[in-house]
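Heads up, the thing below is written out as structure tokens.
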Amino acid sequence: MSPTPVTTSELTPTGPSVYTWEATDEEVAARYGLRIERVARFDLNTSPAPPALAARVLAAGRFERPLSEYPPSDYRRLSEAAAAVYGVAREEILVGAGADEILDLCAKAFLRAGAAAVLPSPSYAMFRVLTEQRGATVVDVPRGGARAGYAMDVPAVRRAARDANLVWLCTPNNPTGLAEPAGAVEQLLDGLASDAASAGRVPPVAVLDEAYAEFAGGTLLGLRERYPRLVVVRTASKAYALAGLRVGFALALPSLIAEIEPYRPPGSVSVVSVTVVTEALKTPEEMQVNVARIAAERERLADALGAVGWSVGPSITNFLLVDFETPARAAGVAHHLLRSGLVPRTFGPGHPLAGQLRLTVRSPKENDRLIEAAADLAGDEDGV
Ligand SMILES: Cc1ncc(COP(=O)(O)O)c(C=O)c1O
């Protein structure tokens with residue numbers, strides 16, 4: 001019997017509050033009868049290798065605190081390093097265990113049962129999960145299609161936000177790989193502020209996830225001055241290649257940080273993570289080399305996949321979206337890739353991108369395996 005493709009979604013909603021997470025390397029290897037070393041993660045948008053500085057810090061064994069102790073509850077050195085990198089005051093930073101914990105804290109701080117959160121869809125899957133975990137309702141506002149660069153529909157998001165407490169924004173957007181058009185986020189925030197002023201209420205909080213900002217080379221962080229209900233979210237997971245350490249940041253005016261702070265656990269980021277990420281922020285050269293390497297590799301991978309007939313969309317991030325037109329064909333390609341241990345991000349039935357696969361730009365060697373598998377498939381129409 002041929003194996004059924006595993007669900008490789010970052011998570012697949014199976015009910016209002018029951019989710020299954022992506023298959024582990026071990027599960028993929030077992031399901032497809034592979035050695036675990038053959039499993040390559042094209043589904044998680046991580047960088048292919050950690051920076052050398054991480055190995056150096058670990059080998060030196062000198063951490064900010066002895067490992068027998070808790071991390072400093074204010075993550076002072078880490079916050080100072082982040083403040084210098086992002087160009088904000090230390091009081092404008094809140095540290096969390098990855099961007100995911102920051103998003104979770106925002107949901108806890110700003111969503112109550114019965115509240116509404118607006119979501120320009122499709123976007124990062126956790127936005128929906130976190131909203132539903134609070135007993136709040138997701139108000140989906142469909143994005144434009146591929147030809148519109150998957151841009152959010154600003155007037156529709158603005159209308160939907162009139163009765164909402166929170167708006168989830170993401171630029172560059174996962175999984176579509178592109179930024180919102182210039183001025184779109186500003187226009188939305190201005191609209192939210194003026195609607196709230198005329199209704200005599202506090203505007204909704206806008207959570208702007210910039211997990212991929214370094215790849216795009218820009219930030220909208222400056223907008224917090226004009227829109228005090230804006231939280232920008234950044235991470236050490238993507239461009240800094242340190243996803244395993246779980247470090248992320250909320251950046252906002254001190255008044256808004258103060259509203260999130262009561263929901264923060266005192267020590268969710270380990271002493272090891274604090275020490276390595278502080279060092280990475282203070283010496284960004286390896287991150288910059290990683291970003292340049294991924295940009296070059298992204299173009300090579302996109303060209304090679306295009307050359308075998310795959311329809312690869314434009315991307316300013318570390319991942320590509322490939323359109324196979326139908327969910328059945330996308331599932332067939334996913335199955336073919338998985339048999340070689342190459343794990344794509346699939347989108348479940350009913351998802352607006354069900355006919356597409358998302359593929360992370362990995363190391364040249366892993367990308368070559370993907371290119372080879374795509375070429376095999378092109379030479380074997382029955383394989384799909
Ligand atoms: C848009 C977006 N936000 C947040 C995250 C999670 O980041 P972290 O590893 O910092 O929790 C991801 C990871 O895929 C993402 O795509």
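Numbering starts fresh at 1 for the residues of each chain in the structure tokens, the chains themselves are lettered A, B, ... in the order given, and ligands are numbered from 1 as they appear.
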
- Near Leu337 (chain A), within 10 Å and counting only C-alpha atoms, which residues show up once chain neighbours fewer than 5 positions away are dropped, as JSON, numbers by chain? {"A": [5, 331, 332, 342, 343, 344, 369, 370, 373, 374, 377]}

- Item | Given 10 Å and only C-alpha atoms and all ligand atoms, residues near ligand 1 as a ChimeraX atom specification | /A:10,43-46,96-104,123-127,169-175,177,208-213,233-238,241-249,319

- Point out the residue among A:Glu37, A:Arg90, A:Tyr240, A:Asp380 with the least atom-to-atom distance to Val277 (chain A), counting only C-alpha atoms. A:Tyr240

- Message: as JSON, numbers by chain, please: every residue in region 129-299 of chain A that DSSP puts in strand (DSSP E).
- Response: {"A": [137, 138, 139, 140, 141, 142, 166, 167, 168, 169, 170, 205, 206, 207, 208, 209, 230, 231, 232, 233, 234, 235, 248, 249, 250, 251]}

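Checking A:Arg35, A:Arg264, A:Arg293, A:Lys282 one by one against Ser73 (chain A), counting only C-alpha atoms, you find the shortest gap at A:Arg264.
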
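Candidate residues A:Ala304, A:Leu130, A:Val95, A:Leu188 were compared for distance to Ser79 (chain A), and the nearest is A:Val95, using only C-alpha atoms.
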
- Query: Could you write out, as an MDAnalysis selection string, all the residues of region 222-335 of chain A that DSSP marks as helix (DSSP H, G or I)?
  - Reply: chainID A and resid 222:224 243:245 254:263 271:282 285:307 327:335

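Shortest separation to Ala148 (chain A) among A:Ala29, A:Ala81, A:Glu180, A:Ala117 occurs at residue A:Glu180, atoms counted being only C-alpha atoms.
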
- Find the residues near Arg56 (chain A): any atom within 10 Å, counting only C-alpha atoms, skip ones fewer than 5 places away on the same chain, and give them as a PyMOL selection string. chain A and resi 51+61+276

Take the residues from that selection and write them out as a PDB file, in the first residue's frame, keeping N, CA and C atoms.
ATOM      1  N   PRO A  51      24.249  30.300  12.823  1.00  0.00           N
ATOM      2  CA  PRO A  51      25.494  31.055  12.663  1.00  0.00           C
ATOM      3  C   PRO A  51      26.620  30.422  13.476  1.00  0.00           C
ATOM      4  N   GLY A  61      30.931  28.270  26.850  1.00  0.00           N
ATOM      5  CA  GLY A  61      30.200  27.879  28.062  1.00  0.00           C
ATOM      6  C   GLY A  61      30.013  29.017  29.061  1.00  0.00           C
ATOM      7  N   VAL A 276      23.066  33.676  23.545  1.00  0.00           N
ATOM      8  CA  VAL A 276      23.418  33.535  22.120  1.00  0.00           C
ATOM      9  C   VAL A 276      22.746  34.636  21.290  1.00  0.00           C
TER      10      VAL A 276
END

- Atomic distance CA of Ala193 (chain A) - CA of Pro120 (chain A), expressed in Å with one decimal: 18.2 Å

- Message: Can you tell me which residues surround Arg77 (chain A) at a distance of at most 9 Å, considering only C-alpha atoms, apart from same-chain residues fewer than 6 positions away, and format the answer as a PyMOL selection string?
- Response: chain A and resi 64+274-275+278
